[in-house]
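J.: File upload-v8.cif follows (mmCIF, C-alpha atoms):
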data_structure
loop_
_atom_site.label_atom_id
_atom_site.label_comp_id
_atom_site.auth_asym_id
_atom_site.auth_seq_id
_atom_site.Cartn_x
_atom_site.Cartn_y
_atom_site.Cartn_z
CA MET W 1359 108.19 102.58 57.12
CA ASN W 1360 109.24 104.61 54.13
CA SER W 1361 109.22 108.28 53.39
CA VAL W 1362 107.28 109.90 50.56
CA GLY W 1363 110.69 110.79 49.18
CA GLU W 1364 112.62 107.64 48.38
CA GLY W 1365 115.90 109.36 49.19
CA CYS W 1366 114.60 110.56 52.56
CA THR W 1367 113.87 107.17 54.15
CA ASP W 1368 117.22 106.85 55.97
CA LEU W 1369 116.93 110.39 57.37
CA LYS W 1370 113.35 109.66 58.39
CA ARG W 1371 114.30 106.45 60.23
CA GLU W 1372 117.11 108.16 62.08
CA TYR W 1373 114.79 110.96 63.16
CA ASP W 1374 111.98 108.54 64.08
CA GLN W 1375 114.28 106.52 66.32
CA CYS W 1376 115.38 109.68 68.13
CA PHE W 1377 111.85 111.01 68.40
CA ASN W 1378 110.26 107.74 69.60
CA ARG W 1379 112.83 107.44 72.37
CA TRP W 1380 112.38 111.07 73.51
CA PHE W 1381 108.60 110.80 73.26
CA ALA W 1382 108.35 107.64 75.42
CA GLU W 1383 111.13 108.35 77.93
CA LYS W 1384 110.86 112.12 78.37
CA PHE W 1385 107.80 113.78 76.93
CA LEU W 1386 105.13 111.34 78.15
CA LYS W 1387 106.76 111.27 81.60
CA GLY W 1388 106.42 115.03 81.98
CA ASP W 1389 110.10 115.79 81.39
CA ARG W 1390 110.13 119.22 79.76
CA SER W 1391 113.85 119.22 78.89
CA GLY W 1392 114.64 120.07 75.28
CA ASP W 1393 114.05 117.99 72.20
CA PRO W 1394 117.38 116.35 71.21
CA CYS W 1395 116.20 115.63 67.67
CA THR W 1396 115.98 119.13 66.16
CA GLU W 1397 119.10 118.90 63.96
CA MET W 1398 118.08 115.51 62.60
CA PHE W 1399 114.60 116.83 61.99
CA LYS W 1400 115.89 119.80 59.98
CA LYS W 1401 117.82 117.54 57.60
CA TYR W 1402 114.91 115.16 57.22
CA GLN W 1403 112.40 117.99 56.73
CA HIS W 1404 114.54 119.61 54.04
CA CYS W 1405 114.56 116.35 52.09
CA VAL W 1406 110.81 115.81 52.44
CA GLN W 1407 110.02 119.36 51.40
CA LYS W 1408 111.88 118.80 48.12
CA ALA W 1409 110.12 115.47 47.50
CA ILE W 1410 106.71 117.03 48.09
CA LYS W 1411 107.44 119.81 45.58
CA GLU W 1412 108.73 117.31 43.01
CA LYS W 1413 105.67 115.10 43.37
CA ASP W 1414 103.35 118.07 43.43
CA ILE W 1415 101.52 116.92 46.56
CA PRO W 1416 98.87 119.45 47.60
CA ILE W 1417 99.89 120.02 51.22
CA ASP W 1418 97.55 122.32 53.04
CA GLY W 1419 98.94 125.30 54.94
CA VAL W 1420 102.12 123.80 56.34
CA GLU W 1421 104.87 126.07 57.51
CA PHE W 1422 108.03 124.12 56.83
CA MET W 1423 110.23 126.40 58.82
CA GLY W 1424 108.76 125.36 62.18
CA PRO W 1425 109.00 127.61 65.22
CA ASN W 1426 112.21 129.30 64.03
CA LYS W 1427 111.02 131.17 61.02
CA ASP W 1428 114.06 133.36 60.46
CA LYS W 1429 115.39 132.94 56.99
CA PRO W 1430 117.48 135.48 55.05
CA MET T 459 77.40 114.05 54.52
CA TYR T 460 77.47 110.97 56.68
CA TYR T 461 78.45 111.10 60.31
CA PHE T 462 79.66 108.02 62.12
CA LEU T 463 80.74 107.71 65.71
CA SER T 464 82.21 104.52 67.05
CA PRO T 465 81.10 103.53 70.57
CA GLY T 466 84.70 103.36 71.78
CA THR T 467 85.53 99.78 72.70
CA PRO T 468 88.31 99.99 75.29
CA HIS T 469 91.91 99.00 74.51
CA SER T 470 93.25 96.81 77.33
CA HIS T 471 96.37 98.90 77.87
CA PRO T 472 97.10 102.11 79.76
CA TRP T 473 96.96 105.40 77.87
CA GLU T 474 100.78 105.86 77.66
CA THR T 475 101.22 102.44 76.01
CA VAL T 476 98.44 103.06 73.50
CA THR T 477 99.74 106.57 72.71
CA LYS T 478 103.29 105.32 72.11
CA ALA T 479 101.92 102.61 69.82
CA ALA T 480 99.53 104.96 68.00
CA MET T 481 102.45 107.29 67.27
CA GLN T 482 104.23 104.35 65.60
CA LYS T 483 101.13 102.76 64.13
CA TYR T 484 102.54 102.23 60.63
CA PRO T 485 103.60 99.90 59.18
CA ASN T 486 101.31 97.16 60.40
CA PRO T 487 99.80 94.19 58.57
CA MET T 488 96.21 95.43 59.02
CA ASN T 489 96.91 98.61 57.05
CA PRO T 490 98.92 97.46 54.01
CA GLY T 491 97.68 100.45 52.03
CA VAL T 492 99.75 102.90 54.09
CA VAL T 493 103.17 102.94 52.45
CA GLY T 494 104.69 106.15 53.79
CA VAL T 495 104.50 108.37 56.85
CA ASP T 496 106.31 111.70 57.07
CA VAL T 497 106.40 114.39 59.73
CA LEU T 498 105.94 117.75 58.05
CA ASN T 499 106.11 119.79 61.22
CA ARG T 500 106.18 119.26 64.93
CA HIS T 501 106.52 121.43 68.01
CA VAL T 502 105.60 121.62 71.69
CA ASP T 503 103.15 124.45 72.27
CA THR T 504 103.02 126.90 75.19
CA GLN T 505 100.69 124.51 77.05
CA GLY T 506 103.23 121.68 76.80
CA ARG T 507 101.27 119.76 74.18
CA LEU T 508 103.02 118.05 71.27
CA CYS T 509 101.52 119.21 67.96
CA SER T 510 102.41 117.25 64.84
CA ASN T 511 101.49 117.60 61.20
CA ARG T 512 102.02 114.42 59.21
CA LEU T 513 101.61 113.19 55.66
CA LEU T 514 100.42 109.64 55.05
CA SER T 515 101.07 108.14 51.62
CA THR T 516 98.72 105.38 50.63
CA GLU T 517 98.84 102.90 47.77
CA TRP T 518 95.73 101.01 46.89
CA GLY T 519 97.24 98.37 44.62
CA LEU T 520 94.40 98.50 42.14
CA PRO T 521 94.68 96.10 39.21
CA SER T 522 95.77 97.97 36.10
CA LEU T 523 92.41 97.52 34.31
CA ALA T 524 90.62 99.18 37.23
CA LYS T 525 93.13 102.02 37.10
CA THR T 526 92.44 102.57 33.39
CA LEU T 527 88.68 102.55 33.90
CA ILE T 528 88.80 105.00 36.80
CA GLY T 529 91.38 107.11 35.02
CA ILE T 530 93.94 107.16 37.81
CA THR T 531 97.43 107.86 36.54
CA ARG T 532 99.13 107.64 39.93
CA THR T 533 98.33 105.00 42.51
CA ASN T 534 99.43 107.06 45.50
CA THR T 535 96.86 109.04 47.43
CA TYR T 536 97.68 111.29 50.34
CA ILE T 537 96.20 112.07 53.71
CA GLN T 538 97.21 114.94 55.95
CA GLU T 539 96.99 114.41 59.69
CA ASN T 540 97.19 116.87 62.57
CA SER T 541 97.61 115.53 66.09
CA VAL T 542 97.95 116.84 69.64
CA VAL T 543 99.32 114.86 72.59
CA ASP T 544 98.55 116.41 75.99
CA PRO T 545 100.63 114.52 78.57
CA LYS T 546 98.95 116.35 81.50
CA GLU T 547 95.35 115.78 80.43
CA LYS T 548 96.25 112.40 78.90
CA THR T 549 94.61 112.92 75.57
CA PHE T 550 95.87 112.05 72.11
CA GLU T 551 93.74 113.58 69.40
CA LEU T 552 94.29 112.99 65.68
CA GLN T 553 92.44 114.65 62.80
CA SER T 554 92.98 113.62 59.23
CA SER T 555 91.66 114.54 55.79
CA ASN T 556 92.42 113.25 52.33
CA ILE T 557 94.26 115.80 50.19
CA SER T 558 94.05 113.69 47.01
CA CYS T 559 90.84 113.18 45.05
CA THR T 560 89.22 116.04 46.94
CA ASN T 561 87.10 116.76 43.86
CA ILE T 562 85.54 113.31 44.25
CA VAL T 563 85.34 112.57 47.96
CA SER T 564 86.15 114.06 51.33
CA VAL T 565 86.92 111.82 54.28
CA ASP T 566 87.59 113.65 57.51
CA GLU T 567 88.38 111.55 60.54
CA LYS T 568 88.93 112.41 64.16
CA LEU T 569 90.30 109.96 66.72
CA THR T 570 90.72 110.62 70.43
CA TYR T 571 92.51 108.33 72.88
CA ARG T 572 91.82 108.89 76.59
CA PRO T 573 92.27 106.79 79.74
CA HIS T 574 89.17 104.81 80.68
CA PRO T 575 87.44 106.90 83.39
CA GLN T 576 87.03 103.89 85.74
CA ASP T 577 90.07 101.79 84.85
CA PRO T 578 93.50 103.41 84.27
CA GLN T 579 94.76 100.15 82.76
CA LYS T 580 92.40 100.70 79.82
CA THR T 581 92.15 103.32 77.08
CA ILE T 582 89.05 104.54 75.26
CA LEU T 583 89.16 105.46 71.59
CA THR T 584 86.40 107.61 70.12
CA GLN T 585 86.28 107.80 66.37
CA GLU T 586 84.27 110.15 64.18
CA ALA T 587 84.18 110.38 60.42
CA LEU T 588 82.56 112.82 58.04
CA ILE T 589 82.26 111.54 54.51
CA SER T 590 81.13 113.48 51.52
CA VAL T 591 80.93 112.16 47.98
CA LYS T 592 80.65 114.94 45.46
CA GLY T 593 78.51 115.50 42.45
CA ILE T 594 77.08 111.99 42.03
CA SER T 595 73.39 111.16 42.39
CA LEU T 596 74.21 107.93 44.23
CA SER T 597 76.18 109.91 46.79
CA SER T 598 74.15 108.96 49.85
CA TYR T 599 74.37 105.26 48.93
CA LEU T 600 78.15 105.50 48.46
CA GLU T 601 78.54 107.47 51.65
CA GLY T 602 76.64 104.75 53.52
CA LEU T 603 78.96 102.15 52.02
CA MET T 604 82.04 104.04 53.12
CA ALA T 605 80.61 104.48 56.61
CA LYS T 606 80.05 100.69 56.82
CA THR T 607 83.69 100.15 55.79
CA ILE T 608 84.95 102.58 58.43
CA SER T 609 82.80 100.82 61.02
CA ALA T 610 84.23 97.43 60.00
CA ASN T 611 87.71 98.91 60.07
CA ALA T 612 87.31 100.12 63.66
CA GLY T 613 87.90 96.52 64.80
CA LYS T 614 90.91 96.33 62.49
CA GLY T 615 92.27 99.47 64.13
CA ARG T 616 92.29 97.73 67.53
CA GLU T 617 94.02 94.72 65.98
CA ALA T 618 96.62 97.03 64.45
CA MET T 619 97.31 98.66 67.84
CA GLU T 620 97.65 95.25 69.53
CA TRP T 621 100.15 94.22 66.83
CA VAL T 622 102.23 97.38 67.34
CA ILE T 623 102.19 96.98 71.15
CA ARG T 624 103.35 93.34 70.82
CA ARG T 625 106.11 94.44 68.40
CA LEU T 626 107.36 97.11 70.81
CA ASN T 627 107.39 94.59 73.69
CA THR T 628 109.29 92.06 71.52
CA GLU T 629 111.91 94.70 70.65
CA ILE T 630 112.48 95.34 74.36
CA GLU T 631 112.86 91.59 75.04
CA GLU T 632 115.25 91.16 72.11
CA LEU T 633 117.40 94.05 73.31
CA ALA T 634 117.63 92.44 76.76
CA ALA T 635 118.54 89.05 75.21
CA THR T 636 121.21 90.64 72.99
CA ALA T 637 122.72 92.41 76.00
CA GLN T 638 123.01 89.05 77.82
CA ALA T 639 124.52 87.32 74.77
CA THR T 640 127.09 90.09 74.30
CA ILE T 641 128.36 89.47 77.82
CA ARG T 642 128.64 85.71 77.25
CA ILE T 643 130.46 85.72 73.86
CA PRO T 644 133.78 87.29 74.99
CA MET T 645 133.87 84.84 77.93
CA ALA T 646 133.34 81.85 75.62
CA ALA T 647 136.04 83.14 73.24
CA ALA T 648 138.47 83.55 76.12
CA VAL T 649 137.84 79.93 77.20
CA THR T 650 138.24 78.40 73.67
CA GLU T 651 141.45 80.31 72.95
CA LYS T 652 143.19 78.38 75.68
#
Just dump the structure as structure tokens.
T.:
Amino acid sequence: MNSVGEGCTDLKREYDQCFNRWFAEKFLKGDRSGDPCTEMFKKYQHCVQKAIKEKDIPIDGVEFMGPNKDKP
Amino acid sequence: MYYFLSPGTPHSHPWETVTKAAMQKYPNPMNPGVVGVDVLNRHVDTQGRLCSNRLLSTEWGLPSLAKTLIGITRTNTYIQENSVVDPKEKTFELQSSNISCTNIVSVDEKLTYRPHPQDPQKTILTQEALISVKGISLSSYLEGLMAKTISANAGKGREAMEWVIRRLNTEIEELAATAQATIRIPMAAAVTEK
């Protein structure tokens, strides 16, 4: 599956692979240990955010900074 | 406004299997219009539920004459989807709305996957859709048409899930076969080198 940003597809696939594994093997089994995919997600998210701005997609009320909202 | 609720034909797989597959639903051959899926945001909330916000990019492949008549300059339309997976309660709820063409039509859908109350090897899907076509006198006719399409597509949705579940099972089998082959190859090479 591709990303909305053509240049983001590789980052997306890397993140998806990490997430799908964590989701099936940890999260659904009640394992509350941390999400190992946060760094990958940040890179992927950064790319998608740019693509969405460039394509002028009317995203509704999304906070791109996630739970850690501290930015200088 | 047209409200449609599917009766929830059970999927013949346990809730965890269906949830894993639903999370990886695209691409699949029954939904060729979905060409992109992106996660915009995702976190686990204080109740241990996974909350995701996703963007679906769709491409309708309209012939160019149709595009000219309708006045569409881009062929991509977009849907925003919010979902919550509760691993304790065993619910997977998805809500989606179109964010393109909102001046013409609104399609809001809500899907909920839960274990079958009598059979844990089965999963029930309930599907609701609210459709609103704006500013056209034929709106109730068009809304009815869209509701019929969504109803027909409910069966397609089950097919799509079965396809994804089969694909995931095949990947597991292939991995196991590759692992076996990797053990055999060095042994064969060692034998032939003599």
J.: Report the closest atom pair, with its distance in Å rounded to one decimal, for each residue of chain W that has an atom no farther than 8 Å from chain T; count only C-alpha atoms, sort by chain and then rising residue number, and write it as JSON lines.
T.:
{"residue": "W:Met1359", "atom": "CA", "partner": "T:Pro485", "partner_atom": "CA", "distance": 5.7}
{"residue": "W:Asn1360", "atom": "CA", "partner": "T:Gly494", "partner_atom": "CA", "distance": 4.8}
{"residue": "W:Ser1361", "atom": "CA", "partner": "T:Gly494", "partner_atom": "CA", "distance": 5.0}
{"residue": "W:Val1362", "atom": "CA", "partner": "T:Gly494", "partner_atom": "CA", "distance": 5.6}
{"residue": "W:Lys1370", "atom": "CA", "partner": "T:Asp496", "partner_atom": "CA", "distance": 7.4}
{"residue": "W:Asn1378", "atom": "CA", "partner": "T:Lys478", "partner_atom": "CA", "distance": 7.8}
{"residue": "W:Phe1381", "atom": "CA", "partner": "T:Lys478", "partner_atom": "CA", "distance": 7.7}
{"residue": "W:Ala1382", "atom": "CA", "partner": "T:Lys478", "partner_atom": "CA", "distance": 6.5}
{"residue": "W:Phe1385", "atom": "CA", "partner": "T:Pro545", "partner_atom": "CA", "distance": 7.4}
{"residue": "W:Leu1386", "atom": "CA", "partner": "T:Pro545", "partner_atom": "CA", "distance": 5.5}
{"residue": "W:Lys1387", "atom": "CA", "partner": "T:Pro545", "partner_atom": "CA", "distance": 7.6}
{"residue": "W:Gly1388", "atom": "CA", "partner": "T:Pro545", "partner_atom": "CA", "distance": 6.7}
{"residue": "W:Arg1390", "atom": "CA", "partner": "T:Gly506", "partner_atom": "CA", "distance": 7.9}
{"residue": "W:Gln1403", "atom": "CA", "partner": "T:Leu498", "partner_atom": "CA", "distance": 6.6}
{"residue": "W:Val1406", "atom": "CA", "partner": "T:Asp496", "partner_atom": "CA", "distance": 7.7}
{"residue": "W:Gln1407", "atom": "CA", "partner": "T:Leu498", "partner_atom": "CA", "distance": 8.0}
{"residue": "W:Ile1415", "atom": "CA", "partner": "T:Tyr536", "partner_atom": "CA", "distance": 7.8}
{"residue": "W:Pro1416", "atom": "CA", "partner": "T:Ile557", "partner_atom": "CA", "distance": 6.4}
{"residue": "W:Ile1417", "atom": "CA", "partner": "T:Ile557", "partner_atom": "CA", "distance": 7.1}
{"residue": "W:Asp1418", "atom": "CA", "partner": "T:Ile557", "partner_atom": "CA", "distance": 7.8}
{"residue": "W:Val1420", "atom": "CA", "partner": "T:Leu498", "partner_atom": "CA", "distance": 7.4}
{"residue": "W:Glu1421", "atom": "CA", "partner": "T:Asn499", "partner_atom": "CA", "distance": 7.4}
{"residue": "W:Phe1422", "atom": "CA", "partner": "T:Asn499", "partner_atom": "CA", "distance": 6.5}
{"residue": "W:Gly1424", "atom": "CA", "partner": "T:Asn499", "partner_atom": "CA", "distance": 6.2}
{"residue": "W:Pro1425", "atom": "CA", "partner": "T:His501", "partner_atom": "CA", "distance": 7.2}
J.: I'd like the residues picked by the PyMOL selection byres ((chain W and resi 1394-1396) around 10) written out as a PyMOL selection string, using the chain letters and numbers from the file.
T.: (chain W and resi 1372-1377+1380+1391-1393+1397-1402) or (chain T and resi 500-501)
J.: What does the structure give for the distance between CA of Met619 (chain T) and CA of Val476 (chain T), in Å to one decimal?
T.: 7.3 Å
J.: For Lys1408 (chain W), please output as a PyMOL selection string all residues within 10 Å (counting only C-alpha atoms; exclusion window: fewer than 5 positions along the same chain).
T.: chain W and resi 1363+1366+1403+1413-1414
J.: Please indicate the distance in Å from CA of Leu600 (chain T) to CA of Ser541 (chain T), rounded to one decimal place.
T.: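 Taking CA of Leu600 (chain T) as the start and CA of Ser541 (chain T) as the end point, the length is 28.1 Å.
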J.: What would the selection look like, as a list of chain:residue names, if the PyMOL selection byres ((chain T and resi 604-609) around 10) were run on the coordinates I just shared?
T.: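 So the PyMOL selection byres ((chain T and resi 604-609) around 10), applied here, picks out T:Tyr460, T:Tyr461, T:Phe462, T:Leu463, T:Ser464, T:Val565, T:Glu567, T:Gln585, T:Glu586, T:Ala587, T:Leu588, T:Ile589, T:Ser590, T:Val591, T:Ser598, T:Tyr599, T:Leu600, T:Glu601, T:Gly602, T:Leu603, T:Ala610, T:Asn611, T:Ala612, T:Gly613, T:Lys614, T:Gly615.
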J.: By how many Å are CA of Lys592 (chain T) and CA of Gly491 (chain T) apart?
T.: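 Interatomic distance here is 23.3 Å.
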J.: Find the spatial neighbours of region 572-576 of chain T, counting all atoms listed in the file, within a cut-off of 6 Å - ignore same-chain residues fewer than 3 positions away - and output them as a list in words.
T.: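 The contact residues come out as Trp473, Thr549, Lys580, Thr581 and Ile582 of chain T.
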J.: Could you tell me which of T:Ser510, T:Val563, T:Ser470, T:Glu629 comes closest to Gln579 (chain T) if we count all atoms listed in the file?
T.: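 When distances to Gln579 (chain T) are compared using all atoms listed in the file, the smallest one comes from T:Ser470.
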